[in-house]
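Okay, coords.cif is below, mmCIF, C-alpha atoms and all ligand atoms:
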```cif
data_final
loop_
_atom_site.group_PDB
_atom_site.id
_atom_site.type_symbol
_atom_site.label_atom_id
_atom_site.label_comp_id
_atom_site.auth_asym_id
_atom_site.auth_seq_id
_atom_site.Cartn_x
_atom_site.Cartn_y
_atom_site.Cartn_z
ATOM 1 C CA MET A 4 89.055 62.719 125.949
ATOM 2 C CA SER A 5 87.264 59.699 124.485
ATOM 3 C CA LEU A 6 84.795 60.217 121.703
ATOM 4 C CA SER A 7 81.885 58.851 123.712
ATOM 5 C CA ARG A 8 82.586 61.208 126.586
ATOM 6 C CA ARG A 9 82.953 64.053 124.166
ATOM 7 C CA ARG A 10 79.588 63.190 122.612
ATOM 8 C CA TRP A 11 78.045 62.879 126.006
ATOM 9 C CA LEU A 12 79.258 66.333 127.004
ATOM 10 C CA GLY A 13 77.856 67.679 123.777
ATOM 11 C CA ALA A 14 74.477 66.172 124.509
ATOM 12 C CA ALA A 15 74.479 67.393 128.090
ATOM 13 C CA GLY A 16 75.407 70.854 126.858
ATOM 14 C CA ALA A 17 72.473 70.892 124.498
ATOM 15 C CA SER A 18 69.937 70.045 127.142
ATOM 16 C CA LEU A 19 71.476 72.452 129.620
ATOM 17 C CA SER A 20 71.790 75.372 127.255
ATOM 18 C CA ALA A 21 68.266 76.620 127.859
ATOM 19 C CA LEU A 22 68.983 76.703 131.572
ATOM 20 C CA TRP A 23 72.258 78.560 131.222
ATOM 21 C CA VAL A 24 70.568 81.272 129.291
ATOM 22 C CA SER A 25 68.416 82.068 132.270
ATOM 23 C CA ALA A 26 71.716 82.385 134.156
ATOM 24 C CA CYS A 27 70.862 79.794 136.734
ATOM 25 C CA ASP A 28 74.314 79.106 138.076
ATOM 26 C CA LYS A 29 72.576 79.257 141.424
ATOM 27 C CA LEU A 30 70.199 76.569 140.309
ATOM 28 C CA THR A 31 72.851 74.153 139.061
ATOM 29 C CA MET A 32 74.694 74.576 142.341
ATOM 30 C CA ASP A 33 71.548 73.891 144.280
ATOM 31 C CA PRO A 34 71.825 70.275 145.480
ATOM 32 C CA LYS A 35 68.103 69.690 145.000
ATOM 33 C CA PHE A 36 68.308 70.757 141.404
ATOM 34 C CA ALA A 37 71.482 68.744 140.831
ATOM 35 C CA GLY A 38 69.644 65.715 142.151
ATOM 36 C CA VAL A 39 66.778 66.172 139.731
ATOM 37 C CA LEU A 40 69.199 66.724 136.890
ATOM 38 C CA GLN A 41 71.176 63.670 137.834
ATOM 39 C CA LYS A 42 68.077 61.518 137.788
ATOM 40 C CA ALA A 43 66.698 63.052 134.643
ATOM 41 C CA GLU A 44 69.929 62.776 132.719
ATOM 42 C CA GLY A 45 71.312 59.737 134.478
ATOM 43 C CA LEU A 46 74.466 61.644 135.254
ATOM 44 C CA SER A 47 77.215 60.088 137.286
ATOM 45 C CA LEU A 48 78.873 62.196 139.951
ATOM 46 C CA ARG A 49 82.056 62.250 137.890
ATOM 47 C CA ALA A 50 80.217 63.534 134.866
ATOM 48 C CA GLN A 51 78.553 66.147 137.013
ATOM 49 C CA ARG A 52 81.954 67.286 138.263
ATOM 50 C CA ALA A 53 83.367 67.413 134.752
ATOM 51 C CA LEU A 54 80.541 69.724 133.734
ATOM 52 C CA THR A 55 81.007 71.985 136.747
ATOM 53 C CA ASP A 56 84.711 72.235 135.940
ATOM 54 C CA ARG A 57 84.063 73.175 132.335
ATOM 55 C CA LYS A 58 81.778 75.991 133.468
ATOM 56 C CA ALA A 59 84.489 77.574 135.613
ATOM 57 C CA LEU A 60 85.745 80.952 134.458
ATOM 58 C CA ALA A 61 89.188 81.468 132.977
ATOM 59 C CA ARG A 62 91.387 83.731 135.088
ATOM 60 C CA GLU A 63 90.891 87.446 134.462
ATOM 61 C CA PHE A 64 93.597 90.085 134.835
ATOM 62 C CA THR A 65 93.824 93.839 135.526
ATOM 63 C CA PRO A 66 94.451 96.643 133.003
ATOM 64 C CA ALA A 67 98.035 96.859 134.317
ATOM 65 C CA ASP A 68 98.635 93.283 133.125
ATOM 66 C CA ILE A 69 97.756 93.972 129.474
ATOM 67 C CA SER A 70 100.662 93.066 127.157
ATOM 68 C CA LYS A 71 102.285 96.050 125.479
ATOM 69 C CA ASP A 72 102.768 94.026 122.324
ATOM 70 C CA PHE A 73 100.203 91.257 121.918
ATOM 71 C CA ARG A 74 101.635 88.778 119.419
ATOM 72 C CA ALA A 75 99.744 88.079 116.199
ATOM 73 C CA ASN A 76 99.895 84.586 114.761
ATOM 74 C CA GLY A 77 98.822 82.661 111.671
ATOM 75 C CA THR A 78 97.000 84.828 109.171
ATOM 76 C CA VAL A 79 97.508 88.533 109.804
ATOM 77 C CA ARG A 80 95.682 89.809 106.699
ATOM 78 C CA PRO A 81 93.369 87.547 104.667
ATOM 79 C CA ASP A 82 94.162 88.009 100.985
ATOM 80 C CA SER A 83 90.802 87.030 99.459
ATOM 81 C CA GLU A 84 89.144 89.618 97.235
ATOM 82 C CA GLU A 85 85.980 89.378 99.309
ATOM 83 C CA TYR A 86 87.797 90.218 102.530
ATOM 84 C CA GLN A 87 89.841 92.979 100.919
ATOM 85 C CA ALA A 88 86.624 94.593 99.660
ATOM 86 C CA LEU A 89 85.002 94.420 103.099
ATOM 87 C CA LEU A 90 88.107 95.902 104.695
ATOM 88 C CA ALA A 91 88.250 98.714 102.130
ATOM 89 C CA GLY A 92 84.653 99.607 103.046
ATOM 90 C CA GLY A 93 85.407 99.726 106.748
ATOM 91 C CA PHE A 94 83.336 96.512 107.141
ATOM 92 C CA ALA A 95 80.111 98.453 106.505
ATOM 93 C CA ASP A 96 78.981 95.595 104.229
ATOM 94 C CA TYR A 97 80.096 92.826 106.583
ATOM 95 C CA ARG A 98 77.330 90.435 107.586
ATOM 96 C CA LEU A 99 77.863 87.585 110.000
ATOM 97 C CA VAL A 100 75.855 84.631 108.736
ATOM 98 C CA VAL A 101 74.314 82.408 111.422
ATOM 99 C CA ASP A 102 72.815 79.270 109.925
ATOM 100 C CA GLY A 103 72.757 75.478 109.974
ATOM 101 C CA LEU A 104 70.582 73.820 112.619
ATOM 102 C CA VAL A 105 68.788 76.999 113.713
ATOM 103 C CA GLU A 106 65.121 77.958 113.650
ATOM 104 C CA GLN A 107 65.853 81.443 112.316
ATOM 105 C CA PRO A 108 68.973 81.984 110.172
ATOM 106 C CA LEU A 109 70.474 85.453 110.693
ATOM 107 C CA GLN A 110 72.632 87.943 108.843
ATOM 108 C CA LEU A 111 74.020 90.431 111.327
ATOM 109 C CA SER A 112 75.815 93.709 110.611
ATOM 110 C CA LEU A 113 78.468 94.904 113.037
ATOM 111 C CA ALA A 114 75.909 97.374 114.420
ATOM 112 C CA ASP A 115 73.510 94.469 115.047
ATOM 113 C CA ILE A 116 76.285 92.542 116.785
ATOM 114 C CA ARG A 117 77.253 95.529 118.924
ATOM 115 C CA ALA A 118 73.634 95.775 120.084
ATOM 116 C CA LEU A 119 73.663 92.199 121.455
ATOM 117 C CA PRO A 120 74.426 91.358 125.105
ATOM 118 C CA SER A 121 78.177 91.837 125.485
ATOM 119 C CA ARG A 122 81.015 91.101 127.854
ATOM 120 C CA SER A 123 84.478 92.594 128.436
ATOM 121 C CA GLN A 124 87.342 90.561 129.849
ATOM 122 C CA ILE A 125 91.095 90.749 130.309
ATOM 123 C CA THR A 126 92.494 87.292 129.690
ATOM 124 C CA ARG A 127 95.665 85.478 128.780
ATOM 125 C CA HIS A 128 95.962 83.932 125.331
ATOM 126 C CA ASP A 129 98.125 80.801 125.277
ATOM 127 C CA CYS A 130 99.469 79.596 121.943
ATOM 128 C CA VAL A 131 100.773 76.024 121.633
ATOM 129 C CA GLU A 132 103.897 77.489 120.083
ATOM 130 C CA GLY A 133 104.882 78.496 123.600
ATOM 131 C CA TRP A 134 103.983 82.169 123.964
ATOM 132 C CA SER A 135 101.263 83.974 125.897
ATOM 133 C CA SER A 136 99.898 87.512 125.736
ATOM 134 C CA ILE A 137 97.312 89.301 127.854
ATOM 135 C CA GLY A 138 94.647 91.421 126.201
ATOM 136 C CA LYS A 139 91.302 93.019 126.876
ATOM 137 C CA TRP A 140 88.432 91.862 124.707
ATOM 138 C CA LYS A 141 84.883 93.061 124.248
ATOM 139 C CA GLY A 142 82.317 91.231 122.198
ATOM 140 C CA ALA A 143 78.874 89.755 121.850
ATOM 141 C CA ARG A 144 78.231 86.767 124.074
ATOM 142 C CA LEU A 145 77.818 83.753 121.843
ATOM 143 C CA GLY A 146 75.070 82.123 123.952
ATOM 144 C CA PRO A 147 72.469 84.900 123.610
ATOM 145 C CA LEU A 148 73.377 85.281 119.935
ATOM 146 C CA LEU A 149 72.676 81.593 119.336
ATOM 147 C CA ASP A 150 69.420 81.893 121.279
ATOM 148 C CA ARG A 151 68.323 84.662 118.958
ATOM 149 C CA ALA A 152 68.710 82.212 116.052
ATOM 150 C CA GLY A 153 67.240 79.380 118.145
ATOM 151 C CA LEU A 154 69.223 76.141 118.090
ATOM 152 C CA LYS A 155 67.379 73.081 116.846
ATOM 153 C CA PRO A 156 67.401 70.155 119.314
ATOM 154 C CA ASN A 157 69.910 68.155 117.252
ATOM 155 C CA ALA A 158 72.528 70.954 117.200
ATOM 156 C CA ARG A 159 75.664 69.769 119.028
ATOM 157 C CA HIS A 160 78.533 71.879 117.732
ATOM 158 C CA ILE A 161 79.129 75.368 116.433
ATOM 159 C CA VAL A 162 81.411 75.624 113.393
ATOM 160 C CA PHE A 163 83.213 78.928 112.710
ATOM 161 C CA HIS A 164 83.999 79.631 109.071
ATOM 162 C CA CYS A 165 86.824 82.138 108.588
ATOM 163 C CA ALA A 166 87.814 84.439 105.728
ATOM 164 C CA ASP A 167 91.395 83.221 105.394
ATOM 165 C CA THR A 168 93.105 80.338 103.648
ATOM 166 C CA LEU A 169 96.134 79.434 105.727
ATOM 167 C CA GLU A 170 97.365 76.658 103.453
ATOM 168 C CA GLN A 171 96.867 76.394 99.689
ATOM 169 C CA THR A 172 95.435 72.939 98.958
ATOM 170 C CA LEU A 173 93.792 71.507 95.860
ATOM 171 C CA ASP A 174 90.679 70.391 97.733
ATOM 172 C CA GLY A 175 90.065 73.668 99.572
ATOM 173 C CA THR A 176 90.733 72.194 103.021
ATOM 174 C CA GLY A 177 93.273 74.938 103.741
ATOM 175 C CA LYS A 178 90.599 77.405 104.806
ATOM 176 C CA TYR A 179 90.722 78.217 108.485
ATOM 177 C CA TYR A 180 87.783 76.948 110.499
ATOM 178 C CA GLU A 181 87.114 75.843 114.049
ATOM 179 C CA SER A 182 84.407 74.180 116.096
ATOM 180 C CA ILE A 183 83.339 74.048 119.730
ATOM 181 C CA ASP A 184 80.640 72.205 121.640
ATOM 182 C CA LEU A 185 77.634 73.831 123.295
ATOM 183 C CA ILE A 186 79.235 73.854 126.730
ATOM 184 C CA ASP A 187 81.891 76.234 125.449
ATOM 185 C CA ALA A 188 79.404 78.065 123.232
ATOM 186 C CA TYR A 189 77.289 78.964 126.276
ATOM 187 C CA HIS A 190 80.235 79.647 128.584
ATOM 188 C CA PRO A 191 79.883 83.249 129.835
ATOM 189 C CA GLN A 192 83.383 84.215 128.619
ATOM 190 C CA THR A 193 82.799 82.917 125.091
ATOM 191 C CA ILE A 194 82.360 86.008 122.937
ATOM 192 C CA LEU A 195 82.604 87.169 119.348
ATOM 193 C CA ALA A 196 85.028 90.032 119.951
ATOM 194 C CA TYR A 197 84.882 93.259 117.976
ATOM 195 C CA GLU A 198 87.133 95.264 120.316
ATOM 196 C CA MET A 199 90.626 94.662 121.617
ATOM 197 C CA ASN A 200 92.193 96.900 124.284
ATOM 198 C CA ASP A 201 89.294 99.387 123.963
ATOM 199 C CA ARG A 202 89.697 99.863 120.198
ATOM 200 C CA ALA A 203 88.133 98.282 117.133
ATOM 201 C CA LEU A 204 89.681 94.841 116.631
ATOM 202 C CA PRO A 205 92.834 95.258 114.478
ATOM 203 C CA VAL A 206 93.115 93.355 111.200
ATOM 204 C CA LYS A 207 96.066 91.278 112.393
ATOM 205 C CA HIS A 208 94.005 90.079 115.365
ATOM 206 C CA GLY A 209 90.951 89.049 113.318
ATOM 207 C CA ALA A 210 88.881 92.084 112.281
ATOM 208 C CA PRO A 211 86.036 92.567 112.206
ATOM 209 C CA LEU A 212 85.087 89.640 114.464
ATOM 210 C CA ARG A 213 86.994 86.876 116.218
ATOM 211 C CA LEU A 214 86.109 84.173 118.675
ATOM 212 C CA ARG A 215 87.352 84.259 122.252
ATOM 213 C CA VAL A 216 86.840 80.907 123.921
ATOM 214 C CA GLU A 217 88.870 81.513 127.032
ATOM 215 C CA ARG A 218 89.108 77.994 128.441
ATOM 216 C CA GLN A 219 90.841 76.781 125.294
ATOM 217 C CA LEU A 220 94.244 77.137 123.609
ATOM 218 C CA GLY A 221 94.995 79.815 121.019
ATOM 219 C CA TYR A 222 94.212 77.952 117.822
ATOM 220 C CA LYS A 223 90.564 77.511 118.887
ATOM 221 C CA HIS A 224 90.115 81.323 118.860
ATOM 222 C CA ALA A 225 89.021 81.699 115.231
ATOM 223 C CA LYS A 226 89.829 85.085 113.669
ATOM 224 C CA TYR A 227 88.026 86.672 110.671
ATOM 225 C CA VAL A 228 84.749 84.867 111.474
ATOM 226 C CA MET A 229 82.360 85.170 108.515
ATOM 227 C CA ARG A 230 79.802 82.525 109.290
ATOM 228 C CA ILE A 231 78.793 80.408 112.243
ATOM 229 C CA GLU A 232 76.958 77.209 111.578
ATOM 230 C CA ALA A 233 75.165 74.996 114.084
ATOM 231 C CA VAL A 234 75.796 71.348 113.189
ATOM 232 C CA GLU A 235 75.156 67.942 114.652
ATOM 233 C CA ASP A 236 78.539 66.437 113.862
ATOM 234 C CA PHE A 237 81.616 68.249 112.547
ATOM 235 C CA ALA A 238 82.922 64.945 111.162
ATOM 236 C CA ALA A 239 79.849 64.542 108.916
ATOM 237 C CA LEU A 240 80.202 63.498 105.262
ATOM 238 C CA ASP A 241 78.331 65.006 102.334
ATOM 239 C CA GLU A 242 76.416 63.101 99.632
ATOM 240 C CA ASN A 243 79.720 62.385 97.812
ATOM 241 C CA GLY A 244 81.279 60.869 100.905
ATOM 242 C CA GLU A 245 83.575 63.878 101.400
ATOM 243 C CA THR A 246 84.045 65.556 104.768
ATOM 244 C CA LYS A 247 81.722 68.548 105.035
ATOM 245 C CA TYR A 248 84.022 70.634 107.237
ATOM 246 C CA GLY A 249 87.708 70.640 106.300
ATOM 247 C CA ARG A 250 89.128 67.140 106.770
ATOM 248 C CA GLY A 251 86.580 66.300 109.446
ATOM 249 C CA LYS A 252 88.584 66.765 112.644
ATOM 250 C CA GLY A 253 86.817 69.973 113.661
ATOM 251 C CA GLY A 254 89.387 72.630 112.794
ATOM 252 C CA PHE A 255 92.290 73.668 110.590
ATOM 253 C CA TRP A 256 94.923 72.616 113.131
ATOM 254 C CA GLU A 257 92.923 69.617 114.312
ATOM 255 C CA ASP A 258 92.996 68.396 110.691
ATOM 256 C CA ARG A 259 96.794 68.587 111.018
ATOM 257 C CA GLY A 260 97.077 66.653 114.277
ATOM 258 C CA TYR A 261 96.167 69.005 117.108
ATOM 259 C CA GLU A 262 93.608 67.996 119.749
ATOM 260 C CA TRP A 263 89.991 69.025 119.110
ATOM 261 C CA TYR A 264 89.454 69.637 122.808
ATOM 262 C CA ALA A 265 92.240 72.025 123.810
ATOM 263 C CA GLY A 266 91.035 72.907 127.306
ATOM 264 C CA ILE A 267 93.205 74.926 129.669
HETATM 265 N N1 LIG B 301 91.215 82.622 110.952
HETATM 266 C C1 LIG B 301 92.287 82.321 111.695
HETATM 267 N N2 LIG B 301 92.131 82.195 113.023
HETATM 268 C C2 LIG B 301 93.186 81.902 113.789
HETATM 269 C C3 LIG B 301 94.470 81.663 113.248
HETATM 270 C C4 LIG B 301 94.613 81.814 111.837
HETATM 271 O O1 LIG B 301 95.698 81.651 111.257
HETATM 272 N N3 LIG B 301 93.485 82.137 111.094
HETATM 273 N N4 LIG B 301 95.534 81.320 114.085
HETATM 274 C C5 LIG B 301 95.197 80.783 115.412
HETATM 275 C C6 LIG B 301 96.313 80.722 116.336
HETATM 276 S S1 LIG B 301 97.371 79.387 116.252
HETATM 277 C C7 LIG B 301 96.457 81.613 117.353
HETATM 278 S S2 LIG B 301 97.655 81.480 118.556
HETATM 279 C C8 LIG B 301 95.571 82.789 117.424
HETATM 280 C C9 LIG B 301 96.412 84.045 117.289
HETATM 281 O O2 LIG B 301 95.609 85.167 117.521
HETATM 282 P P1 LIG B 301 96.290 86.577 117.472
HETATM 283 O O3 LIG B 301 96.861 86.742 116.077
HETATM 284 O O4 LIG B 301 95.249 87.572 117.806
HETATM 285 O O5 LIG B 301 97.413 86.534 118.486
HETATM 286 O O6 LIG B 301 94.578 82.831 116.423
HETATM 287 C C10 LIG B 301 94.076 81.579 116.047
HETATM 288 N N5 LIG B 301 92.995 81.799 115.139
HETATM 289 MO MO MO B 302 98.486 79.332 118.246
#
```
Would it be possible to restate this file's structure as structure tokens?
Amino acid sequence: MSLSRRRWLGAAGASLSALWVSACDKLTMDPKFAGVLQKAEGLSLRAQRALTDRKALAREFTPADISKDFRANGTVRPDSEEYQALLAGGFADYRLVVDGLVEQPLQLSLADIRALPSRSQITRHDCVEGWSSIGKWKGARLGPLLDRAGLKPNARHIVFHCADTLEQTLDGTGKYYESIDLIDAYHPQTILAYEMNDRALPVKHGAPLRLRVERQLGYKHAKYVMRIEAVEDFAALDENGETKYGRGKGGFWEDRGYEWYAGI
């Protein structure tokens, strides 16, 4: 996908997010409304179709389809002292930080997160390494969580900061991170999962909290999420001219050549 189209989708997502929250799938399908939107946003029919396609749900499966042995990949146990301490305390001291371009930064305990609007889904995880596993996930829907913090109008992407360092590098760019646009952030199947197969999320699968972004490939599903940050541009540079997020491509694997948009 070209950068300009990507940016455009980001912008469209931002202006649509308020509507999605009020769950107006009916509205967006209403031709009258689509017409207004098209005029207001100057959307082409093709762009309109692209948006509709990105809102489609990923396939969901039945309990009988759940993989007996869901593979674990990448980090299976972050070795930082901070994470080890949280794990030792049963994550009682865990706080998810929500900050960046938000009106109201948040620090949420697992109990807070469990009290948010949630969703359960049985989906297939596809890793680029060529394996798939089916699992059941339950978690807080990212859209309502972001609405609680209140995105500022210039927010375009959500960056997920993880607890693990997958590659030791001198400049610290080996920490796992990911980013998605607001279309995926507000997709109904995009959740911060705290349960897998009806149990607390296991450490190897990202405890205490991992992203499920079901229309995307495996590496986008950040495990061990510690902080989510609303940003305008994940490629932004800091005052020293260094990339603010990893090497600026939007994710650990993206920094190493994978596509930023890994839609399936
Ligand atoms: N923090 C973190 N998230 C991560 C990874 C990782 O190494 N660290 N690996 C990614 C990859 S490539 C895949 S396929 C999935 C694996 O998730 P699983 O271990 O639950 O199967 O997590 C993704 N998210
Ligand atoms: Mo993967």
>> I want to know what sits within 10 Å of Gln107 of chain A, based on only C-alpha atoms, with residues of the same chain fewer than 4 positions away left out; could you give that as a PyMOL selection string?
In response: chain A and resi 101-103+149-155
What does the file look like for those residues with C-alpha atoms, as a PDB file, keeping the file's coordinate frame?
```
ATOM      1  CA  VAL A 101      74.314  82.408 111.422  1.00  0.00           C
ATOM      2  CA  ASP A 102      72.815  79.270 109.925  1.00  0.00           C
ATOM      3  CA  GLY A 103      72.757  75.478 109.974  1.00  0.00           C
ATOM      4  CA  LEU A 149      72.676  81.593 119.336  1.00  0.00           C
ATOM      5  CA  ASP A 150      69.420  81.893 121.279  1.00  0.00           C
ATOM      6  CA  ARG A 151      68.323  84.662 118.958  1.00  0.00           C
ATOM      7  CA  ALA A 152      68.710  82.212 116.052  1.00  0.00           C
ATOM      8  CA  GLY A 153      67.240  79.380 118.145  1.00  0.00           C
ATOM      9  CA  LEU A 154      69.223  76.141 118.090  1.00  0.00           C
ATOM     10  CA  LYS A 155      67.379  73.081 116.846  1.00  0.00           C
TER      11      LYS A 155
END
```
> By how many Å are atom C4 of ligand LIG 301 (chain B) and atom CA of Asn76 of chain A apart?
Replying inline: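 So the two atoms, atom C4 of ligand LIG 301 (chain B) and atom CA of Asn76 of chain A, lie 6.6 Å apart.
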Using only C-alpha atoms and all ligand atoms, tabulate the residues of chain A lying at most 8 Å from any atom of ligand LIG 301 (chain B), each with its closest atom pair and that distance in Å to one decimal, by chain and increasing residue number, as a tab-separated table.
```
residue	atom	partner	partner_atom	distance
A:Phe73	CA	B:LIG301	O5	6.5
A:Arg74	CA	B:LIG301	O5	4.9
A:Ala75	CA	B:LIG301	O3	3.2
A:Asn76	CA	B:LIG301	O3	3.9
A:Gly77	CA	B:LIG301	O1	3.3
A:Thr78	CA	B:LIG301	O1	4.0
A:Val79	CA	B:LIG301	O3	6.6
A:His128	CA	B:LIG301	S2	7.4
A:Asp129	CA	B:LIG301	S2	6.8
A:Cys130	CA	B:LIG301	S2	4.3
A:Val131	CA	B:LIG301	S2	7.0
A:Glu132	CA	B:LIG301	S2	7.6
A:Ser136	CA	B:LIG301	O5	7.7
A:Cys165	CA	B:LIG301	N1	5.0
A:Ala166	CA	B:LIG301	N1	6.5
A:Asp167	CA	B:LIG301	N1	5.6
A:Thr168	CA	B:LIG301	N3	7.7
A:Leu169	CA	B:LIG301	O1	6.0
A:Tyr179	CA	B:LIG301	N1	5.1
A:Tyr180	CA	B:LIG301	N1	6.6
A:Lys207	CA	B:LIG301	O3	5.9
A:His208	CA	B:LIG301	O4	3.7
A:Gly209	CA	B:LIG301	O4	6.4
A:Arg213	CA	B:LIG301	N2	7.6
A:Leu220	CA	B:LIG301	S2	7.5
A:Gly221	CA	B:LIG301	S2	4.0
A:Tyr222	CA	B:LIG301	C6	3.8
A:Lys223	CA	B:LIG301	C10	6.1
A:His224	CA	B:LIG301	N5	4.7
A:Ala225	CA	B:LIG301	N2	3.8
A:Lys226	CA	B:LIG301	N2	3.8
A:Tyr227	CA	B:LIG301	N1	5.2
A:Val228	CA	B:LIG301	N1	6.9
A:Trp256	CA	B:LIG301	S1	7.8
```
Any chance you can output those residues with C-alpha atoms as an mmCIF file, keeping the file's coordinate frame?
```cif
data_model
loop_
_atom_site.group_PDB
_atom_site.id
_atom_site.type_symbol
_atom_site.label_atom_id
_atom_site.label_comp_id
_atom_site.auth_asym_id
_atom_site.auth_seq_id
_atom_site.Cartn_x
_atom_site.Cartn_y
_atom_site.Cartn_z
ATOM 1 C CA PHE A 73 100.203 91.257 121.918
ATOM 2 C CA ARG A 74 101.635 88.778 119.419
ATOM 3 C CA ALA A 75 99.744 88.079 116.199
ATOM 4 C CA ASN A 76 99.895 84.586 114.761
ATOM 5 C CA GLY A 77 98.822 82.661 111.671
ATOM 6 C CA THR A 78 97.000 84.828 109.171
ATOM 7 C CA VAL A 79 97.508 88.533 109.804
ATOM 8 C CA HIS A 128 95.962 83.932 125.331
ATOM 9 C CA ASP A 129 98.125 80.801 125.277
ATOM 10 C CA CYS A 130 99.469 79.596 121.943
ATOM 11 C CA VAL A 131 100.773 76.024 121.633
ATOM 12 C CA GLU A 132 103.897 77.489 120.083
ATOM 13 C CA SER A 136 99.898 87.512 125.736
ATOM 14 C CA CYS A 165 86.824 82.138 108.588
ATOM 15 C CA ALA A 166 87.814 84.439 105.728
ATOM 16 C CA ASP A 167 91.395 83.221 105.394
ATOM 17 C CA THR A 168 93.105 80.338 103.648
ATOM 18 C CA LEU A 169 96.134 79.434 105.727
ATOM 19 C CA TYR A 179 90.722 78.217 108.485
ATOM 20 C CA TYR A 180 87.783 76.948 110.499
ATOM 21 C CA LYS A 207 96.066 91.278 112.393
ATOM 22 C CA HIS A 208 94.005 90.079 115.365
ATOM 23 C CA GLY A 209 90.951 89.049 113.318
ATOM 24 C CA ARG A 213 86.994 86.876 116.218
ATOM 25 C CA LEU A 220 94.244 77.137 123.609
ATOM 26 C CA GLY A 221 94.995 79.815 121.019
ATOM 27 C CA TYR A 222 94.212 77.952 117.822
ATOM 28 C CA LYS A 223 90.564 77.511 118.887
ATOM 29 C CA HIS A 224 90.115 81.323 118.860
ATOM 30 C CA ALA A 225 89.021 81.699 115.231
ATOM 31 C CA LYS A 226 89.829 85.085 113.669
ATOM 32 C CA TYR A 227 88.026 86.672 110.671
ATOM 33 C CA VAL A 228 84.749 84.867 111.474
ATOM 34 C CA TRP A 256 94.923 72.616 113.131
#
```
> Of the candidates A:Ile161, A:Ser121, A:Ser135, A:Asp174, which shows the shortest atom-to-atom distance to ligand MO 302 (chain B), using only C-alpha atoms and all ligand atoms?
Replying inline: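 Among the listed residues, the smallest separation from ligand MO 302 (chain B) belongs to A:Ser135.
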> Hey, which of A:Asp187, A:Gly133, A:Gly266, A:Glu170 ends up closest to ligand MO 302 (chain B)? Count all atoms listed in the file.
Replying inline: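 Under the stated criterion, the closest residue is A:Gly133.
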> On this structure, which residues satisfy the PyMOL selection byres (((chain A and resi 117) around 12) and not hetatm), written as a list in words?
Replying inline: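 The output of the PyMOL selection byres (((chain A and resi 117) around 12) and not hetatm) on this file is Leu99, Leu111, Ser112, Leu113, Ala114, Asp115, Ile116, Ala118, Leu119, Pro120, Ser121, Arg122, Lys141, Gly142, Ala143, Arg144, Leu148, Ile194, Leu195, Ala196, Tyr197, Glu198, Ala203, Pro211 and Leu212 of chain A.
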> Which of these residues is nearest to ligand MO 302 (chain B), using only C-alpha atoms and all ligand atoms: A:Ala88, A:Gln219, A:Asp236, A:Ile183?
Replying inline: A:Gln219
> Could you work out how far atom CA of Arg218 of chain A lies from atom CA of Arg127 of chain A, giving the answer in Å with one decimal?
Replying inline: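 According to the coordinates, atom CA of Arg127 of chain A and atom CA of Arg218 of chain A are separated by 10.0 Å.
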> Between A:Ala53, A:Val216, A:Met229, A:Leu204, which one has atoms that come closest to Gly93 of chain A, using only C-alpha atoms?
Replying inline: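 Under the stated criterion, the closest residue is A:Leu204.
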>> Here's the selection I'm unsure about, the PyMOL selection byres (((chain A and resi 233) around 7) and not hetatm); applied to the file above, which residues does it give, as an NGL selection string?
In response: :A and (102-105 or 158 or 160-162 or 231-232 or 234)
> So which one's closest to Arg57 of chain A, A:Leu240, A:Ala210, A:Leu90, A:Leu185? Using all atoms listed in the file, please.
Replying inline: A:Leu185
> What is the distance, in Å and to one decimal place, between atom CA of Ala238 of chain A and atom CA of Lys252 of chain A?
Replying inline: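 Computing it gives 6.1 Å between the two atoms.
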>> So, with all atoms listed in the file as the atoms that count, which of A:Val206, A:Ala239, A:Ile69, A:Ala188 lies closest to Asp82 of chain A?
In response: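 Counting all atoms listed in the file, the residue closest to Asp82 of chain A is A:Val206.
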